[in-house]
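*Asks:* Got a structure for you, upload-v6.txt, holding compact mmCIF, C-alpha atoms and all ligand atoms.
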```txt
# COMPACT_ATOMS: atom_id res chain seq x y z
CA MET A 114 98.93 15.31 -84.32
CA ILE A 115 101.73 17.86 -84.21
CA TYR A 116 103.41 19.37 -87.27
CA PHE A 117 106.68 21.28 -87.13
CA VAL A 118 106.32 23.58 -90.11
CA GLY A 119 108.97 25.69 -91.79
CA ALA A 120 107.39 29.13 -92.27
CA GLY A 121 109.95 30.25 -94.85
CA PRO A 122 112.07 33.37 -94.64
CA GLY A 123 109.30 35.95 -94.25
CA ALA A 124 107.26 36.58 -97.40
CA PRO A 125 103.99 34.71 -96.72
CA ASP A 126 103.94 33.13 -100.18
CA LEU A 127 107.31 31.48 -99.56
CA ILE A 128 105.79 28.89 -97.22
CA THR A 129 105.12 25.48 -98.84
CA LEU A 130 101.63 24.52 -99.99
CA ARG A 131 101.69 21.79 -97.36
CA GLY A 132 102.59 24.27 -94.64
CA LYS A 133 99.83 26.65 -95.65
CA GLU A 134 97.27 23.87 -95.74
CA LEU A 135 98.24 22.73 -92.25
CA ILE A 136 97.95 26.29 -90.92
CA SER A 137 94.41 26.48 -92.31
CA ARG A 138 93.46 23.19 -90.62
CA ALA A 139 95.21 23.80 -87.29
CA ASP A 140 93.31 23.92 -84.00
CA GLU A 141 96.38 25.38 -82.30
CA ILE A 142 99.41 27.26 -83.64
CA ILE A 143 102.54 27.93 -81.66
CA TYR A 144 104.76 30.28 -83.66
CA ALA A 145 108.25 31.67 -83.11
CA GLY A 146 107.08 35.26 -82.76
CA SER A 147 110.35 37.10 -83.13
CA LEU A 148 110.93 35.87 -86.71
CA VAL A 149 107.81 34.31 -88.21
CA ASN A 150 105.75 36.76 -90.26
CA PRO A 151 102.41 37.14 -88.40
CA ALA A 152 100.69 37.53 -91.80
CA LEU A 153 100.88 33.71 -92.04
CA LEU A 154 98.43 33.50 -89.14
CA SER A 155 95.68 35.07 -91.25
CA TRP A 156 95.14 31.63 -92.82
CA ALA A 157 94.19 30.13 -89.45
CA LYS A 158 90.55 29.11 -89.13
CA PRO A 159 88.24 30.99 -86.78
CA GLY A 160 88.69 29.78 -83.23
CA CYS A 161 92.25 28.51 -83.77
CA ALA A 162 94.26 29.13 -80.59
CA VAL A 163 97.49 31.01 -81.34
CA TYR A 164 100.51 31.21 -79.03
CA ASP A 165 103.75 33.13 -79.48
CA SER A 166 106.61 30.95 -78.27
CA ALA A 167 108.93 33.96 -77.79
CA SER A 168 107.84 34.20 -74.16
CA MET A 169 107.55 30.43 -73.56
CA THR A 170 110.02 27.88 -72.23
CA LEU A 171 110.54 24.45 -73.80
CA GLU A 172 108.50 23.01 -70.92
CA ALA A 173 105.62 25.40 -71.59
CA VAL A 174 105.62 24.51 -75.30
CA ILE A 175 105.58 20.79 -74.49
CA GLU A 176 102.75 21.36 -72.01
CA ARG A 177 100.70 23.05 -74.77
CA PHE A 178 101.42 20.17 -77.16
CA ALA A 179 100.36 17.67 -74.49
CA ALA A 180 97.15 19.53 -73.65
CA ALA A 181 96.23 19.70 -77.35
CA GLU A 182 97.05 16.02 -77.91
CA ARG A 183 94.82 15.00 -75.01
CA LYS A 184 91.94 16.73 -76.84
CA ASN A 185 92.95 15.23 -80.20
CA ARG A 186 93.64 18.64 -81.69
CA LEU A 187 95.88 19.43 -84.67
CA THR A 188 98.84 21.57 -83.62
CA VAL A 189 101.18 23.48 -85.93
CA ARG A 190 104.52 24.52 -84.49
CA LEU A 191 105.73 27.26 -86.86
CA HIS A 192 109.45 27.85 -87.10
CA THR A 193 111.15 30.43 -89.27
CA GLY A 194 112.91 29.37 -92.46
CA ASP A 195 113.56 25.64 -92.38
CA PRO A 196 113.14 24.09 -88.92
CA SER A 197 116.33 22.02 -89.21
CA LEU A 198 118.58 25.07 -88.92
CA TYR A 199 118.89 26.72 -85.49
CA GLY A 200 115.28 25.79 -84.85
CA ALA A 201 115.70 23.96 -81.51
CA ILE A 202 113.27 21.31 -82.76
CA ARG A 203 115.28 18.25 -81.72
CA GLU A 204 114.67 18.89 -78.02
CA GLN A 205 110.94 19.25 -78.69
CA MET A 206 110.82 16.06 -80.79
CA ASP A 207 112.74 14.06 -78.17
CA ARG A 208 110.23 15.08 -75.49
CA LEU A 209 107.33 14.20 -77.77
CA ASP A 210 108.93 10.78 -78.39
CA ALA A 211 109.19 10.27 -74.64
CA LEU A 212 105.53 11.19 -74.22
CA GLY A 213 104.48 8.96 -77.13
CA PHE A 214 102.96 11.77 -79.25
CA ALA A 215 103.20 11.58 -83.05
CA TYR A 216 104.60 14.45 -85.09
CA GLU A 217 105.88 15.26 -88.56
CA VAL A 218 108.23 17.88 -89.92
CA VAL A 219 107.40 20.01 -92.98
CA PRO A 220 110.47 21.69 -94.48
CA GLY A 221 110.65 25.36 -95.38
CA VAL A 222 112.66 27.79 -97.48
CA SER A 223 115.60 28.74 -95.31
CA SER A 224 116.75 32.34 -95.09
CA PHE A 225 120.10 31.39 -96.65
CA CYS A 226 118.18 30.54 -99.83
CA ALA A 227 116.16 33.76 -99.70
CA ALA A 228 119.36 35.77 -99.11
CA ALA A 229 121.02 34.22 -102.18
CA ALA A 230 117.88 35.03 -104.18
CA ALA A 231 118.00 38.65 -102.99
CA LEU A 232 121.62 38.85 -104.16
CA LYS A 233 120.89 36.88 -107.33
CA ALA A 234 123.86 34.75 -106.30
CA GLU A 235 124.86 31.09 -106.67
CA TYR A 236 126.84 29.62 -103.77
CA THR A 237 128.39 26.80 -105.80
CA LEU A 238 130.39 28.13 -108.73
CA PRO A 239 132.68 25.81 -110.69
CA GLY A 240 136.33 26.57 -110.07
CA LEU A 241 135.55 28.79 -107.07
CA SER A 242 133.63 26.82 -104.49
CA GLN A 243 131.51 23.69 -104.48
CA THR A 244 130.88 23.89 -100.76
CA LEU A 245 128.63 26.04 -98.61
CA ILE A 246 129.42 26.35 -94.92
CA ILE A 247 126.45 27.30 -92.76
CA THR A 248 127.60 28.48 -89.37
CA ARG A 249 127.49 31.26 -86.78
CA VAL A 250 129.74 33.27 -84.50
CA ALA A 251 129.81 32.02 -80.90
CA GLY A 252 127.32 34.04 -78.88
CA ARG A 253 125.55 32.87 -75.75
CA THR A 254 125.47 29.50 -77.52
CA GLY A 255 129.13 28.52 -77.78
CA MET A 256 130.79 26.90 -80.77
CA PRO A 257 132.36 23.44 -80.50
CA ALA A 258 136.17 23.91 -80.56
CA HIS A 259 136.55 21.86 -83.76
CA GLU A 260 134.20 24.31 -85.52
CA ASP A 261 136.15 27.43 -84.64
CA LEU A 262 135.46 30.00 -87.37
CA ARG A 263 139.18 30.25 -88.10
CA LEU A 264 139.22 26.57 -89.02
CA LEU A 265 136.09 26.88 -91.15
CA ALA A 266 137.47 29.99 -92.82
CA SER A 267 140.65 28.15 -93.80
CA HIS A 268 138.63 26.26 -96.45
CA GLN A 269 137.68 29.51 -98.20
CA ALA A 270 134.38 27.92 -99.17
CA SER A 271 131.19 29.96 -99.64
CA MET A 272 129.78 30.84 -96.23
CA ALA A 273 126.36 31.79 -94.86
CA ILE A 274 126.65 33.07 -91.31
CA PHE A 275 123.51 33.05 -89.18
CA LEU A 276 122.76 34.81 -85.88
CA SER A 277 125.83 36.99 -86.03
CA ALA A 278 124.82 40.44 -87.31
CA ALA A 279 125.73 42.00 -83.96
CA LEU A 280 129.15 40.30 -83.89
CA LEU A 281 130.72 41.55 -87.11
CA GLY A 282 134.00 42.63 -85.47
CA GLU A 283 134.59 39.14 -84.11
CA LEU A 284 133.47 37.67 -87.43
CA ARG A 285 135.88 39.78 -89.49
CA GLU A 286 138.80 38.98 -87.20
CA ALA A 287 138.20 35.24 -87.30
CA LEU A 288 137.73 35.20 -91.08
CA LEU A 289 140.96 37.12 -91.66
CA GLU A 290 142.92 35.02 -89.16
CA GLY A 291 141.50 31.92 -90.83
CA GLY A 292 142.93 32.98 -94.17
CA TYR A 293 140.26 34.82 -96.11
CA PRO A 294 141.85 37.69 -98.05
CA ALA A 295 140.53 41.03 -96.71
CA ASP A 296 139.03 41.89 -100.10
CA THR A 297 136.88 38.73 -100.27
CA PRO A 298 133.38 39.87 -101.30
CA ALA A 299 130.79 39.85 -98.52
CA ALA A 300 127.18 40.89 -98.13
CA ILE A 301 124.70 41.51 -95.34
CA VAL A 302 121.11 40.62 -96.18
CA TYR A 303 118.57 41.99 -93.74
CA LYS A 304 115.07 40.46 -93.62
CA ALA A 305 115.40 38.64 -96.93
CA SER A 306 112.00 38.47 -98.71
CA TRP A 307 110.29 40.89 -96.27
CA PRO A 308 109.13 44.30 -97.59
CA GLU A 309 111.90 45.91 -95.51
CA GLU A 310 114.63 43.72 -97.02
CA GLN A 311 118.04 45.40 -97.33
CA VAL A 312 121.09 44.19 -99.21
CA LEU A 313 124.52 45.61 -98.40
CA ARG A 314 127.61 44.65 -100.33
CA GLY A 315 131.24 45.03 -99.30
CA THR A 316 134.17 42.87 -98.33
CA VAL A 317 135.19 40.76 -95.36
CA ASP A 318 137.26 43.74 -94.24
CA THR A 319 134.37 46.23 -94.35
CA LEU A 320 131.76 44.03 -92.62
CA PRO A 321 131.89 45.82 -89.23
CA ARG A 322 131.57 49.21 -90.93
CA MET A 323 128.62 48.00 -93.01
CA GLY A 324 126.94 46.89 -89.79
CA GLU A 325 127.61 50.17 -87.99
CA GLU A 326 126.51 52.38 -90.85
CA SER A 327 123.28 50.47 -91.47
CA GLY A 328 122.45 49.91 -87.80
CA ILE A 329 121.47 46.32 -88.64
CA THR A 330 122.03 44.06 -85.63
CA LYS A 331 119.57 41.22 -86.13
CA THR A 332 117.45 39.24 -88.61
CA ALA A 333 120.30 39.35 -91.06
CA LEU A 334 122.62 36.90 -92.71
CA VAL A 335 126.21 37.51 -93.63
CA LEU A 336 127.24 35.83 -96.85
CA LEU A 337 130.81 35.78 -98.03
CA GLY A 338 133.13 34.14 -100.46
CA ARG A 339 134.41 34.53 -103.97
CA PHE A 340 131.00 33.44 -105.30
CA LEU A 341 129.91 37.05 -104.73
CA GLY A 342 132.65 38.34 -107.03
CA ALA A 343 133.39 38.01 -110.71
CA GLY A 344 135.21 35.15 -112.40
CA TYR A 345 134.27 31.48 -112.40
CA GLU A 346 134.27 28.57 -114.86
CA ARG A 347 131.18 27.74 -116.86
CA SER A 348 129.35 24.59 -115.79
CA ARG A 349 130.03 21.22 -117.38
CA LEU A 350 126.33 20.41 -117.12
CA TYR A 351 125.33 22.90 -119.83
CA ASP A 352 128.55 22.81 -121.82
CA PRO A 353 127.92 21.83 -125.48
CA GLY A 354 131.23 19.91 -125.47
CA PHE A 355 130.18 17.66 -122.61
CA THR A 356 128.06 14.48 -122.88
CA HIS A 357 126.03 13.27 -119.95
CA GLU A 358 123.12 10.95 -119.22
CA TYR A 359 120.47 13.30 -120.63
CA ARG A 360 122.30 15.13 -123.43
CA LYS A 361 124.86 14.30 -126.12
CA GLN A 362 127.89 16.45 -126.90
CA THR A 363 127.05 18.86 -129.73
CA GLU A 364 130.45 20.50 -130.28
N1 LIG A 401 115.55 28.26 -89.29
C1 LIG A 401 115.91 29.58 -89.77
C2 LIG A 401 117.04 30.20 -88.97
C3 LIG A 401 116.66 30.53 -87.54
S1 LIG A 401 117.94 31.31 -86.65
C4 LIG A 401 116.22 29.50 -91.28
O1 LIG A 401 116.24 28.41 -91.84
O2 LIG A 401 116.43 30.56 -91.88
C5 LIG A 401 117.59 33.02 -86.85
C6 LIG A 401 118.60 33.66 -87.77
O3 LIG A 401 118.28 33.34 -89.10
C7 LIG A 401 118.63 35.18 -87.73
O4 LIG A 401 119.46 35.65 -86.71
C8 LIG A 401 119.22 35.51 -89.07
O5 LIG A 401 120.61 35.30 -89.08
C9 LIG A 401 118.60 34.42 -89.94
N2 LIG A 401 117.35 34.85 -90.59
C10 LIG A 401 116.11 34.37 -90.41
N3 LIG A 401 115.24 34.95 -91.27
C11 LIG A 401 115.97 35.81 -92.02
C12 LIG A 401 115.67 36.67 -93.12
N4 LIG A 401 114.43 36.77 -93.62
N5 LIG A 401 116.68 37.39 -93.67
C13 LIG A 401 117.94 37.28 -93.21
N6 LIG A 401 118.28 36.49 -92.18
C14 LIG A 401 117.32 35.76 -91.60
```
Will you turn the file into structure tokens for me?
Ligand code: SAH

*Replies:*
Amino acid sequence: MIYFVGAGPGAPDLITLRGKELISRADEIIYAGSLVNPALLSWAKPGCAVYDSASMTLEAVIERFAAAERKNRLTVRLHTGDPSLYGAIREQMDRLDALGFAYEVVPGVSSFCAAAAALKAEYTLPGLSQTLIITRVAGRTGMPAHEDLRLLASHQASMAIFLSAALLGELREALLEGGYPADTPAAIVYKASWPEEQVLRGTVDTLPRMGEESGITKTALVLLGRFLGAGYERSRLYDPGFTHEYRKQTE
């Protein structure tokens, strides 16, 4: 059996209980070495075979899965954060389907959640934004034309930008062209939940400077939107003047 497991954003105790338990039972672990905290591997049982997928191709990963399946071994494929975001798991699952091997996916705490926690921020503030756009700047992986950052920016929703810490000039330009005011609050969160976590605050306009001055070029998220500023409406959910299914109006 193969389990795709979300490792969480970095801090070992931000993996799920299910994920931890699977690590401790695994006969083989293939982990995304550039981002997964190796401390998680300390839960592996003695004799567990551990492979870093950073130097492997998709074919090599599938070959390892297949070899383990032929011996009836339990394999954990550890992906950073939640595997459903930029995890390249679909291509692995499709090959496993074709080979007839069973697998399950165990979700994880994505880095966009850990980054919001580091900032003590809420993406969805009444009156400001009820939408979070998760996206990236085009790098070696291109962006579909209908998802051009300028178009996404035109919504002025809250945004969490992955994989783009080295492309802050392009990011700033697209956000401004798309209609974000230059003074829209923005933050760079480096290695959220790791001991070396760093939080930088500024505006859409100052993003490239924040990147240059800090020297951060990877393992960082850029968050931006008015949710990082002051001013919002209080929630209806906890408003004394508002009745809902679980609570009667008290004012
Ligand atoms: N599946 C992962 C994302 C993998 S893509 C998730 O759910 O978080 C890798 C990108 O994720 C990095 O370039 C960076 O933008 C972001 N990232 C991963 N871990 C991070 C962390 N601890 N802090 C900030 N950004 C992180």

*Asks:* Let me make sure I understand: among A:Ser166, A:Thr332, A:Thr188, A:Gln243, which one has the smallest atom-to-atom distance to ligand LIG 401 (chain A) if we use only C-alpha atoms and all ligand atoms?

*Replies:*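 Distance minimum relative to ligand LIG 401 (chain A) lands on A:Thr332.
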
*Asks:* Please return, as an NGL selection string, all polymer residues that have at least one atom within 12 Å of the point (126.6, 36.1, -75.9); use all atoms listed in the file and the file's own coordinate frame.

*Replies:* :A and (249-256 or 276-277 or 279-280 or 283)

*Asks:* Measuring atom to atom with only C-alpha atoms and all ligand atoms, identify which of A:Ala181, A:Met114, A:Leu313, A:Leu289 is nearest to ligand LIG 401 (chain A).

*Replies:*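 Closest to ligand LIG 401 (chain A) of all the choices is A:Leu313.
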
*Asks:* Measuring atom to atom with all atoms listed in the file, identify which of A:Lys304, A:His192, A:Arg349, A:His357 is nearest to ligand LIG 401 (chain A).

*Replies:*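 Distance minimum relative to ligand LIG 401 (chain A) lands on A:Lys304.
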
*Asks:* List all protein, DNA and RNA residues that have any atom at most 6 Å from ligand LIG 401 (chain A), counting only C-alpha atoms and all ligand atoms, and write the list as JSON, numbers by chain.

*Replies:* {"A": [122, 123, 193, 194, 195, 196, 198, 199, 200, 223, 224, 275, 276, 302, 303, 304, 305, 306, 331, 332, 333, 334]}

*Asks:* Would you work out the distance separating CA of Pro298 in chain A from CA of Cys226 in chain A, expressed in Å to one decimal?

*Replies:*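 A separation of 17.9 Å between them.
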
*Asks:* Pick out the closest residue to Glu286 in chain A from this set: A:Arg208, A:Lys133, A:Arg183, A:Arg263. Count only C-alpha atoms.

*Replies:*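 That would be A:Arg263, the residue with the smallest distance to Glu286 in chain A.
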
*Asks:* Padding 5 Å on every side, please: axis-aligned box over the listed atoms of range 272-286 of chain A, centre and edge lengths to one decimal in Å, as lines of an AutoDock Vina configuration file.

*Replies:*
```
center_x = 130.8
center_y = 36.7
center_z = -90.1
size_x = 26.0
size_y = 21.8
size_z = 22.3
```

*Asks:* Is there a way to get, as a list in words, all residues within 10 Å of the point (105.3, 35.6, -97.5) in file coordinates, counting all atoms listed in the file?

*Replies:*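 Checked against the point, the hits come out as Ala120, Gly121, Pro122, Gly123, Ala124, Pro125, Asp126, Leu127, Ile128, Val149, Asn150, Pro151, Ala152, Leu153, Ser306, Trp307 and Pro308 of chain A.
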
*Asks:* What's around Leu171 in chain A at 9 Å? Count all atoms listed in the file, leave out sequence neighbours fewer than 3 positions away in its own chain, and write the answer as JSON, numbers by chain.

*Replies:* {"A": [166, 174, 175, 176, 204, 205]}

*Asks:* Skip Gly342 in chain A itself and residues of its chain fewer than 4 positions away, then list as a ChimeraX atom specification all residues within 9 Å of it, counting only C-alpha atoms.

*Replies:* /A:297-299,338

*Asks:* Applying 9 Å and all atoms listed in the file, which residues near Gly240 in chain A remain after dropping the ones on its own chain fewer than 4 positions away? List them as a list in words.

*Replies:* Gly344, Tyr345, Glu346 and Arg347 of chain A

*Asks:* Suppose you want the space between CA of Ala231 in chain A and CA of Arg322 in chain A; what is it in Å?

*Replies:*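 According to the coordinates, CA of Ala231 in chain A and CA of Arg322 in chain A are separated by 21.0 Å.
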
*Asks:* Excluding range 162-164 of chain A and its own-chain neighbours fewer than 6 positions away, which residues fall within 10 Å of it when counting all atoms listed in the file? Please give them as a list of chain:residue names.

*Replies:*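 Answer for this query is A:Ala139, A:Asp140, A:Glu141, A:Ile142, A:Ile143, A:Tyr144, A:Ala145, A:Gly146, A:Leu154, A:Val174, A:Arg177, A:Thr188, A:Val189, A:Arg190.
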
*Asks:* Take CA of Leu341 in chain A and CA of Ala258 in chain A and report the distance between them in Å, one decimal.

*Replies:*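 Interatomic distance, CA of Leu341 in chain A to CA of Ala258 in chain A: 28.2 Å.
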